[in-house]
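Pasting input-v9.tsv here (TSV, N, CA and C atoms):
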chain	number	residue	atom	x	y	z
Y	1	GLU	N	-3.42	-30.81	23.71
Y	1	GLU	CA	-4.03	-29.57	23.24
Y	1	GLU	C	-2.98	-28.45	23.12
Y	2	LEU	N	-2.11	-28.37	24.13
Y	2	LEU	CA	-1.07	-27.35	24.12
Y	2	LEU	C	-0.15	-27.53	22.91
Y	3	GLN	N	0.21	-28.76	22.62
Y	3	GLN	CA	1.08	-29.04	21.49
Y	3	GLN	C	0.41	-28.65	20.18
Y	4	ARG	N	-0.89	-28.95	20.06
Y	4	ARG	CA	-1.62	-28.61	18.84
Y	4	ARG	C	-1.66	-27.09	18.65
Y	5	LEU	N	-1.93	-26.36	19.74
Y	5	LEU	CA	-1.96	-24.90	19.65
Y	5	LEU	C	-0.60	-24.33	19.27
Y	6	GLY	N	0.45	-24.86	19.90
Y	6	GLY	CA	1.80	-24.39	19.59
Y	6	GLY	C	2.21	-24.71	18.17
Y	7	GLU	N	1.88	-25.91	17.71
Y	7	GLU	CA	2.22	-26.30	16.34
Y	7	GLU	C	1.49	-25.42	15.32
Y	8	ARG	N	0.23	-25.14	15.60
Y	8	ARG	CA	-0.52	-24.29	14.66
Y	8	ARG	C	0.07	-22.88	14.61
Y	9	LEU	N	0.43	-22.37	15.77
Y	9	LEU	CA	1.04	-21.05	15.83
Y	9	LEU	C	2.34	-21.02	15.03
Y	10	VAL	N	3.19	-21.99	15.26
Y	10	VAL	CA	4.51	-22.01	14.62
Y	10	VAL	C	4.42	-22.42	13.15
Y	11	ALA	N	3.54	-23.36	12.83
Y	11	ALA	CA	3.49	-23.89	11.46
Y	11	ALA	C	2.63	-23.05	10.53
Y	12	THR	N	1.63	-22.37	11.07
Y	12	THR	CA	0.69	-21.68	10.18
Y	12	THR	C	0.64	-20.17	10.41
Y	13	GLU	N	0.29	-19.78	11.62
Y	13	GLU	CA	-0.02	-18.37	11.87
Y	13	GLU	C	1.21	-17.46	11.79
Y	14	LEU	N	2.31	-17.84	12.42
Y	14	LEU	CA	3.52	-17.00	12.35
Y	14	LEU	C	4.08	-16.90	10.93
Y	15	PRO	N	4.16	-18.01	10.17
Y	15	PRO	CA	4.63	-17.86	8.78
Y	15	PRO	C	3.73	-16.95	7.94
Y	16	GLU	N	2.40	-17.03	8.17
Y	16	GLU	CA	1.50	-16.14	7.43
Y	16	GLU	C	1.76	-14.68	7.79
Y	17	LEU	N	1.98	-14.42	9.07
Y	17	LEU	CA	2.27	-13.06	9.51
Y	17	LEU	C	3.58	-12.56	8.90
Y	18	LEU	N	4.60	-13.39	8.93
Y	18	LEU	CA	5.89	-13.01	8.35
Y	18	LEU	C	5.78	-12.80	6.85
Y	19	GLN	N	4.99	-13.64	6.18
Y	19	GLN	CA	4.81	-13.47	4.73
Y	19	GLN	C	4.08	-12.16	4.44
Y	20	SER	N	3.07	-11.84	5.24
Y	20	SER	CA	2.35	-10.58	5.06
Y	20	SER	C	3.27	-9.38	5.27
Y	21	LEU	N	4.11	-9.47	6.29
Y	21	LEU	CA	5.09	-8.40	6.53
Y	21	LEU	C	6.04	-8.25	5.34
Y	22	ALA	N	6.51	-9.37	4.82
Y	22	ALA	CA	7.41	-9.34	3.66
Y	22	ALA	C	6.71	-8.75	2.45
Y	23	ASP	N	5.43	-9.12	2.24
Y	23	ASP	CA	4.67	-8.58	1.10
Y	23	ASP	C	4.51	-7.07	1.20
Y	24	VAL	N	4.20	-6.59	2.40
Y	24	VAL	CA	4.03	-5.14	2.59
Y	24	VAL	C	5.36	-4.43	2.37
Y	25	ALA	N	6.45	-4.98	2.90
Y	25	ALA	CA	7.76	-4.36	2.72
Y	25	ALA	C	8.16	-4.30	1.25
Y	26	THR	N	7.91	-5.40	0.53
Y	26	THR	CA	8.23	-5.44	-0.90
Y	26	THR	C	7.39	-4.43	-1.67
Y	27	PHE	N	6.11	-4.34	-1.33
Y	27	PHE	CA	5.23	-3.41	-2.02
Y	27	PHE	C	5.63	-1.96	-1.74
Y	28	VAL	N	6.01	-1.67	-0.51
Y	28	VAL	CA	6.45	-0.31	-0.18
Y	28	VAL	C	7.71	0.05	-0.98
Y	29	GLN	N	8.63	-0.90	-1.13
Y	29	GLN	CA	9.82	-0.64	-1.95
Y	29	GLN	C	9.42	-0.41	-3.41
Y	30	LYS	N	8.48	-1.19	-3.90
Y	30	LYS	CA	8.01	-1.03	-5.28
Y	30	LYS	C	7.36	0.34	-5.46
Y	31	ILE	N	6.56	0.76	-4.48
Y	31	ILE	CA	5.93	2.09	-4.56
Y	31	ILE	C	7.00	3.17	-4.57
Y	32	GLU	N	8.00	3.00	-3.73
Y	32	GLU	CA	9.08	4.00	-3.64
Y	32	GLU	C	9.76	4.17	-5.00
Y	33	GLN	N	10.04	3.06	-5.68
Y	33	GLN	CA	10.66	3.12	-7.00
Y	33	GLN	C	9.69	3.71	-8.02
Y	34	SER	N	8.44	3.30	-7.94
Y	34	SER	CA	7.43	3.76	-8.87
Y	34	SER	C	7.19	5.26	-8.73
Y	35	ILE	N	7.22	5.75	-7.49
Y	35	ILE	CA	6.99	7.18	-7.27
Y	35	ILE	C	8.07	8.01	-7.95
Y	36	GLY	N	9.31	7.55	-7.87
Y	36	GLY	CA	10.39	8.27	-8.54
Y	36	GLY	C	10.18	8.34	-10.05
Y	37	PHE	N	9.81	7.20	-10.65
Y	37	PHE	CA	9.54	7.18	-12.09
Y	37	PHE	C	8.34	8.05	-12.42
Y	38	GLN	N	7.29	7.95	-11.58
Y	38	GLN	CA	6.07	8.72	-11.83
Y	38	GLN	C	6.34	10.21	-11.74
Y	39	GLU	N	7.16	10.63	-10.78
Y	39	GLU	CA	7.48	12.05	-10.65
Y	39	GLU	C	8.22	12.57	-11.87
Y	40	VAL	N	9.18	11.80	-12.35
Y	40	VAL	CA	9.93	12.20	-13.55
Y	40	VAL	C	9.00	12.29	-14.75
Y	41	SER	N	8.13	11.29	-14.89
Y	41	SER	CA	7.19	11.27	-16.02
Y	41	SER	C	6.25	12.46	-15.97
Y	42	VAL	N	5.71	12.76	-14.80
Y	42	VAL	CA	4.78	13.87	-14.66
Y	42	VAL	C	5.49	15.19	-14.95
Y	43	ARG	N	6.70	15.36	-14.42
Y	43	ARG	CA	7.44	16.60	-14.68
Y	43	ARG	C	7.73	16.77	-16.16
Y	44	SER	N	8.11	15.67	-16.82
Y	44	SER	CA	8.39	15.73	-18.26
Y	44	SER	C	7.14	16.11	-19.04
Y	45	ALA	N	6.02	15.47	-18.68
Y	45	ALA	CA	4.77	15.76	-19.39
Y	45	ALA	C	4.33	17.20	-19.14
Y	46	LYS	N	4.53	17.71	-17.93
Y	46	LYS	CA	4.19	19.10	-17.65
Y	46	LYS	C	5.07	20.04	-18.47
Y	47	GLY	N	6.33	19.68	-18.64
Y	47	GLY	CA	7.23	20.49	-19.46
Y	47	GLY	C	6.78	20.51	-20.91
Y	48	VAL	N	6.39	19.35	-21.42
Y	48	VAL	CA	5.88	19.27	-22.80
Y	48	VAL	C	4.62	20.10	-22.94
Y	49	SER	N	3.72	19.96	-21.96
Y	49	SER	CA	2.46	20.72	-21.99
Y	49	SER	C	2.74	22.23	-21.99
Y	50	ALA	N	3.64	22.65	-21.13
Y	50	ALA	CA	3.98	24.08	-21.06
Y	50	ALA	C	4.62	24.55	-22.37
Y	51	GLY	N	5.51	23.74	-22.91
Y	51	GLY	CA	6.16	24.10	-24.17
Y	51	GLY	C	5.15	24.24	-25.31
Y	52	LEU	N	4.23	23.28	-25.41
Y	52	LEU	CA	3.19	23.36	-26.44
Y	52	LEU	C	2.32	24.60	-26.26
Y	53	SER	N	1.96	24.87	-25.02
Y	53	SER	CA	1.10	26.02	-24.73
Y	53	SER	C	1.79	27.34	-25.05
Y	54	LEU	N	3.07	27.46	-24.66
Y	54	LEU	CA	3.80	28.71	-24.95
Y	54	LEU	C	3.98	28.91	-26.45
Y	55	THR	N	4.36	27.84	-27.12
Y	55	THR	CA	4.54	27.95	-28.57
Y	55	THR	C	3.21	28.26	-29.25
Y	56	GLY	N	2.15	27.59	-28.78
Y	56	GLY	CA	0.81	27.85	-29.35
Y	56	GLY	C	0.36	29.26	-29.14
Y	57	THR	N	0.64	29.80	-27.96
Y	57	THR	CA	0.25	31.17	-27.66
Y	57	THR	C	1.00	32.15	-28.57
Y	58	ALA	N	2.27	31.92	-28.75
Y	58	ALA	CA	3.06	32.80	-29.62
Y	58	ALA	C	2.57	32.72	-31.05
Y	59	MET	N	2.23	31.52	-31.50
Y	59	MET	CA	1.80	31.35	-32.89
Y	59	MET	C	0.36	31.81	-33.12
Y	60	ALA	N	-0.42	31.91	-32.05
Y	60	ALA	CA	-1.83	32.31	-32.20
Y	60	ALA	C	-1.96	33.74	-32.72
Y	61	PHE	N	-0.93	34.54	-32.56
Y	61	PHE	CA	-0.98	35.93	-33.00
Y	61	PHE	C	-0.19	36.15	-34.29
Y	62	THR	N	0.00	35.09	-35.05
Y	62	THR	CA	0.69	35.17	-36.34
Y	62	THR	C	-0.23	34.60	-37.41
Y	63	PRO	N	0.20	34.64	-38.67
Y	63	PRO	CA	-0.61	34.03	-39.72
Y	63	PRO	C	-0.78	32.51	-39.52
Y	64	LEU	N	0.03	31.91	-38.64
Y	64	LEU	CA	-0.10	30.48	-38.36
Y	64	LEU	C	-1.01	30.23	-37.15
Y	65	CYS	N	-2.03	31.08	-36.99
Y	65	CYS	CA	-2.88	30.99	-35.80
Y	65	CYS	C	-3.58	29.63	-35.70
Y	66	ALA	N	-3.92	29.02	-36.81
Y	66	ALA	CA	-4.59	27.71	-36.75
Y	66	ALA	C	-3.66	26.68	-36.09
Y	67	VAL	N	-2.39	26.72	-36.47
Y	67	VAL	CA	-1.41	25.81	-35.85
Y	67	VAL	C	-1.24	26.17	-34.37
Y	68	GLY	N	-1.22	27.46	-34.07
Y	68	GLY	CA	-1.09	27.92	-32.69
Y	68	GLY	C	-2.22	27.40	-31.81
Y	69	PHE	N	-3.45	27.50	-32.31
Y	69	PHE	CA	-4.59	27.00	-31.53
Y	69	PHE	C	-4.52	25.49	-31.37
Y	70	GLY	N	-4.03	24.83	-32.41
Y	70	GLY	CA	-3.84	23.37	-32.32
Y	70	GLY	C	-2.83	23.00	-31.23
Y	71	LEU	N	-1.73	23.77	-31.18
Y	71	LEU	CA	-0.72	23.53	-30.15
Y	71	LEU	C	-1.27	23.84	-28.75
Y	72	LEU	N	-2.08	24.89	-28.63
Y	72	LEU	CA	-2.71	25.20	-27.34
Y	72	LEU	C	-3.61	24.05	-26.89
Y	73	ALA	N	-4.39	23.53	-27.83
Y	73	ALA	CA	-5.29	22.41	-27.51
Y	73	ALA	C	-4.48	21.18	-27.13
Y	74	ALA	N	-3.39	20.93	-27.86
Y	74	ALA	CA	-2.54	19.77	-27.55
Y	74	ALA	C	-1.91	19.93	-26.18
Y	75	GLY	N	-1.45	21.13	-25.84
Y	75	GLY	CA	-0.87	21.38	-24.53
Y	75	GLY	C	-1.88	21.14	-23.42
Y	76	ALA	N	-3.10	21.60	-23.64
Y	76	ALA	CA	-4.15	21.37	-22.64
Y	76	ALA	C	-4.45	19.88	-22.51
Y	77	GLY	N	-4.49	19.19	-23.65
Y	77	GLY	CA	-4.75	17.74	-23.63
Y	77	GLY	C	-3.68	16.97	-22.88
Y	78	VAL	N	-2.43	17.33	-23.13
Y	78	VAL	CA	-1.32	16.67	-22.42
Y	78	VAL	C	-1.42	16.95	-20.92
Y	79	GLY	N	-1.76	18.17	-20.55
Y	79	GLY	CA	-1.89	18.53	-19.14
Y	79	GLY	C	-2.99	17.75	-18.45
Y	80	VAL	N	-4.16	17.66	-19.09
Y	80	VAL	CA	-5.28	16.93	-18.50
Y	80	VAL	C	-4.95	15.44	-18.39
Y	81	THR	N	-4.36	14.88	-19.44
Y	81	THR	CA	-4.00	13.47	-19.43
Y	81	THR	C	-2.97	13.17	-18.34
Y	82	THR	N	-2.01	14.05	-18.19
Y	82	THR	CA	-0.98	13.88	-17.16
Y	82	THR	C	-1.60	13.89	-15.77
Y	83	ALA	N	-2.46	14.86	-15.51
Y	83	ALA	CA	-3.10	14.96	-14.20
Y	83	ALA	C	-3.96	13.73	-13.91
Y	84	THR	N	-4.70	13.28	-14.92
Y	84	THR	CA	-5.55	12.10	-14.74
Y	84	THR	C	-4.72	10.86	-14.48
Y	85	GLY	N	-3.69	10.65	-15.27
Y	85	GLY	CA	-2.83	9.48	-15.09
Y	85	GLY	C	-2.13	9.48	-13.74
Y	86	ASP	N	-1.69	10.64	-13.31
Y	86	ASP	CA	-1.02	10.76	-12.01
Y	86	ASP	C	-2.00	10.42	-10.88
Y	87	ALA	N	-3.21	10.96	-10.95
Y	87	ALA	CA	-4.21	10.70	-9.91
Y	87	ALA	C	-4.59	9.22	-9.88
Y	88	LEU	N	-4.78	8.62	-11.04
Y	88	LEU	CA	-5.12	7.19	-11.10
Y	88	LEU	C	-4.01	6.33	-10.53
Y	89	GLY	N	-2.77	6.65	-10.89
Y	89	GLY	CA	-1.64	5.88	-10.39
Y	89	GLY	C	-1.54	5.94	-8.87
Y	90	GLN	N	-1.74	7.11	-8.31
Y	90	GLN	CA	-1.69	7.25	-6.86
Y	90	GLN	C	-2.83	6.50	-6.19
Y	91	HIS	N	-4.02	6.57	-6.79
Y	91	HIS	CA	-5.19	5.89	-6.23
Y	91	HIS	C	-4.97	4.38	-6.21
Y	92	VAL	N	-4.48	3.83	-7.31
Y	92	VAL	CA	-4.24	2.39	-7.39
Y	92	VAL	C	-3.22	1.96	-6.34
Y	93	GLN	N	-2.15	2.72	-6.20
Y	93	GLN	CA	-1.12	2.37	-5.21
Y	93	GLN	C	-1.68	2.43	-3.79
Y	94	LYS	N	-2.49	3.44	-3.48
Y	94	LYS	CA	-3.06	3.57	-2.15
Y	94	LYS	C	-3.98	2.39	-1.85
Y	95	GLU	N	-4.82	2.03	-2.82
Y	95	GLU	CA	-5.76	0.93	-2.61
Y	95	GLU	C	-5.02	-0.39	-2.41
Y	96	GLU	N	-3.98	-0.62	-3.17
Y	96	GLU	CA	-3.20	-1.86	-3.03
Y	96	GLU	C	-2.50	-1.90	-1.68
Y	97	LEU	N	-1.97	-0.78	-1.24
Y	97	LEU	CA	-1.33	-0.72	0.08
Y	97	LEU	C	-2.36	-0.98	1.18
Y	98	ARG	N	-3.53	-0.39	1.07
Y	98	ARG	CA	-4.60	-0.63	2.06
Y	98	ARG	C	-4.96	-2.11	2.10
Y	99	ARG	N	-5.07	-2.73	0.93
Y	99	ARG	CA	-5.43	-4.15	0.87
Y	99	ARG	C	-4.37	-5.00	1.56
Y	100	ARG	N	-3.12	-4.72	1.27
Y	100	ARG	CA	-2.03	-5.50	1.88
Y	100	ARG	C	-1.94	-5.27	3.39
Y	101	LEU	N	-2.18	-4.06	3.83
Y	101	LEU	CA	-2.17	-3.79	5.26
Y	101	LEU	C	-3.34	-4.48	5.96
Y	102	ALA	N	-4.48	-4.58	5.29
Y	102	ALA	CA	-5.61	-5.31	5.87
Y	102	ALA	C	-5.27	-6.79	6.03
Y	103	LEU	N	-4.61	-7.37	5.03
Y	103	LEU	CA	-4.18	-8.77	5.13
Y	103	LEU	C	-3.18	-8.95	6.27
Y	104	LEU	N	-2.30	-7.98	6.43
Y	104	LEU	CA	-1.34	-8.03	7.54
Y	104	LEU	C	-2.08	-7.99	8.88
Y	105	GLY	N	-3.11	-7.16	8.97
Y	105	GLY	CA	-3.91	-7.09	10.20
Y	105	GLY	C	-4.60	-8.40	10.52
Y	106	VAL	N	-5.12	-9.07	9.49
Y	106	VAL	CA	-5.78	-10.37	9.69
Y	106	VAL	C	-4.77	-11.39	10.19
Y	107	ALA	N	-3.59	-11.42	9.60
Y	107	ALA	CA	-2.56	-12.36	10.03
Y	107	ALA	C	-2.14	-12.09	11.46
Y	108	GLU	N	-2.03	-10.81	11.82
Y	108	GLU	CA	-1.66	-10.45	13.18
Y	108	GLU	C	-2.73	-10.90	14.18
Y	109	GLU	N	-4.00	-10.72	13.81
Y	109	GLU	CA	-5.10	-11.16	14.69
Y	109	GLU	C	-5.07	-12.67	14.91
Y	110	LYS	N	-4.75	-13.42	13.86
Y	110	LYS	CA	-4.67	-14.88	14.01
Y	110	LYS	C	-3.56	-15.28	14.97
Y	111	VAL	N	-2.42	-14.61	14.88
Y	111	VAL	CA	-1.31	-14.90	15.78
Y	111	VAL	C	-1.71	-14.55	17.22
Y	112	GLN	N	-2.32	-13.40	17.40
Y	112	GLN	CA	-2.75	-13.01	18.73
Y	112	GLN	C	-3.77	-14.00	19.30
Y	113	HIS	N	-4.68	-14.46	18.46
Y	113	HIS	CA	-5.68	-15.45	18.90
Y	113	HIS	C	-4.99	-16.73	19.37
Y	114	GLN	N	-4.02	-17.20	18.61
Y	114	GLN	CA	-3.32	-18.42	18.99
Y	114	GLN	C	-2.51	-18.22	20.27
Y	115	LEU	N	-1.90	-17.05	20.42
Y	115	LEU	CA	-1.16	-16.77	21.65
Y	115	LEU	C	-2.09	-16.72	22.85
Y	116	ARG	N	-3.25	-16.09	22.69
Y	116	ARG	CA	-4.22	-16.06	23.79
Y	116	ARG	C	-4.69	-17.48	24.14
Y	117	ALA	N	-4.90	-18.31	23.13
Y	117	ALA	CA	-5.31	-19.69	23.38
Y	117	ALA	C	-4.22	-20.45	24.12
Y	118	LEU	N	-2.98	-20.25	23.72
Y	118	LEU	CA	-1.86	-20.90	24.42
Y	118	LEU	C	-1.79	-20.45	25.88
Y	119	LEU	N	-1.93	-19.16	26.11
Y	119	LEU	CA	-1.90	-18.65	27.48
Y	119	LEU	C	-3.06	-19.19	28.30
Y	120	ALA	N	-4.25	-19.20	27.72
Y	120	ALA	CA	-5.42	-19.69	28.44
Y	120	ALA	C	-5.27	-21.17	28.77
Y	121	PHE	N	-4.70	-21.94	27.85
Y	121	PHE	CA	-4.52	-23.37	28.11
Y	121	PHE	C	-3.42	-23.60	29.15
Y	122	SER	N	-2.36	-22.82	29.07
Y	122	SER	CA	-1.23	-23.00	29.98
Y	122	SER	C	-1.52	-22.48	31.39
Y	123	PHE	N	-2.35	-21.44	31.47
Y	123	PHE	CA	-2.67	-20.83	32.76
Y	123	PHE	C	-4.18	-20.68	32.88
Y	124	PRO	N	-4.89	-21.79	33.10
Y	124	PRO	CA	-6.36	-21.75	33.07
Y	124	PRO	C	-6.99	-20.87	34.14
Y	125	GLY	N	-6.33	-20.64	35.25
Y	125	GLY	CA	-6.92	-19.85	36.32
Y	125	GLY	C	-6.68	-18.36	36.21
Y	126	VAL	N	-5.91	-17.92	35.21
Y	126	VAL	CA	-5.55	-16.51	35.07
Y	126	VAL	C	-6.45	-15.86	34.03
Y	127	GLN	N	-7.03	-14.73	34.39
Y	127	GLN	CA	-7.91	-13.99	33.48
Y	127	GLN	C	-7.08	-13.24	32.43
Y	128	PRO	N	-7.61	-13.06	31.22
Y	128	PRO	CA	-6.86	-12.35	30.15
Y	128	PRO	C	-6.43	-10.95	30.57
Y	129	GLU	N	-7.23	-10.27	31.39
Y	129	GLU	CA	-6.88	-8.91	31.82
Y	129	GLU	C	-5.59	-8.92	32.64
Y	130	GLU	N	-5.39	-10.00	33.39
Y	130	GLU	CA	-4.19	-10.09	34.22
Y	130	GLU	C	-2.93	-10.21	33.36
Y	131	PHE	N	-3.04	-10.87	32.20
Y	131	PHE	CA	-1.91	-10.96	31.28
Y	131	PHE	C	-1.56	-9.58	30.74
Y	132	VAL	N	-2.58	-8.82	30.44
Y	132	VAL	CA	-2.37	-7.47	29.90
Y	132	VAL	C	-1.69	-6.60	30.96
Y	133	GLU	N	-2.17	-6.70	32.19
Y	133	GLU	CA	-1.56	-5.91	33.26
Y	133	GLU	C	-0.11	-6.30	33.52
Y	134	ALA	N	0.20	-7.58	33.38
Y	134	ALA	CA	1.55	-8.06	33.64
Y	134	ALA	C	2.53	-7.68	32.52
Y	135	SER	N	2.02	-7.38	31.35
Y	135	SER	CA	2.94	-7.12	30.22
Y	135	SER	C	3.34	-5.69	30.12
Using the file provided, produce a representation of the structure as structure tokens.
Amino acid sequence: ELQRLGERLVATELPELLQSLADVATFVQKIEQSIGFQEVSVRSAKGVSAGLSLTGTAMAFTPLCAVGFGLLAAGAGVGVTTATGDALGQHVQKEELRRRLALLGVAEEKVQHQLRALLAFSFPGVQPEEFVEAS
């Protein structure tokens, strides 16, 4: 029984935990790179939006007022689209990170379960609370 518990821990549960850790680390690196790109994109889009709005405002008081109002509307559209895209991107990243962390938690629980089983089998007369106190 002890050998079976140890083999399962080493062959299944620990590799799953290590894989989950690697997945989370890789995803965090991907988010870090993505955030940099997203920040540049958002800043660029905000600059375009501001430029369109300023130009539209200036043109709104000239004979080209129709074009000016069009530029104002385009600037507002770019601003709304940028804000929406930024919020969606952040939401998707947060949800994916939560999902991966939940998987990591499940893998950790499996390892802990196998370790408790190994301890219980190896030391049948010792209560689990005593292990906690000793650690």
Margin query: Rounded to one decimal, what separation in Å do you get between atom N of His91 (chain Y) and CA of Glu32 (chain Y)?
Written below: 13.7 Å
Next item on the list: For Glu109 (chain Y), work out the shell of residues within 12 Å, counting only C-alpha atoms and skipping chain neighbours fewer than 5 positions away, then give it as a list in words.
Entry: Leu9, Glu13, Leu14, Glu16, Leu17, Ala102, Leu103, Leu104, Gln114, Leu115 and Arg116 of chain Y
Checklist line | atom C of Leu21 (chain Y) to CA of Leu2 (chain Y), distance in Å rounded to a single decimal | finding: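 Going from atom C of Leu21 (chain Y) over to CA of Leu2 (chain Y), I get 27.7 Å.
For the pair CA of Thr82 (chain Y) and CA of Val40 (chain Y), the separation is 11.6 Å.
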What's the 8 Å shell around Thr55 (chain Y), counting only N, CA and C atoms, without same-chain residues fewer than 6 positions away, as a short mmCIF file (atom, residue, chain, number, x, y, z; two decimals) with N, CA and C atoms, keeping the file's coordinate frame?
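The resulting selection_0.cif:
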data_model
loop_
_atom_site.label_atom_id
_atom_site.label_comp_id
_atom_site.auth_asym_id
_atom_site.auth_seq_id
_atom_site.Cartn_x
_atom_site.Cartn_y
_atom_site.Cartn_z
N SER Y 49 3.72 19.96 -21.96
CA SER Y 49 2.46 20.72 -21.99
C SER Y 49 2.74 22.23 -21.99
N VAL Y 67 -2.39 26.72 -36.47
CA VAL Y 67 -1.41 25.81 -35.85
C VAL Y 67 -1.24 26.17 -34.37
N GLY Y 68 -1.22 27.46 -34.07
CA GLY Y 68 -1.09 27.92 -32.69
C GLY Y 68 -2.22 27.40 -31.81
N PHE Y 69 -3.45 27.50 -32.31
CA PHE Y 69 -4.59 27.00 -31.53
C PHE Y 69 -4.52 25.49 -31.37
N LEU Y 71 -1.73 23.77 -31.18
CA LEU Y 71 -0.72 23.53 -30.15
C LEU Y 71 -1.27 23.84 -28.75
N LEU Y 72 -2.08 24.89 -28.63
CA LEU Y 72 -2.71 25.20 -27.34
C LEU Y 72 -3.61 24.05 -26.89
#
Item checked: Non-local contacts of Arg99 (chain Y) (12 Å; only C-alpha atoms; under 5 positions in same chain excluded) as number ranges by chain -> Y: 20, 23-24, 27, 92-94, 104-106
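Distances from Y:Asp86, Y:Val126, Y:Thr57, Y:Leu5 to Gln38 (chain Y) were compared using all atoms listed in the file, and the smallest one belongs to Y:Asp86.
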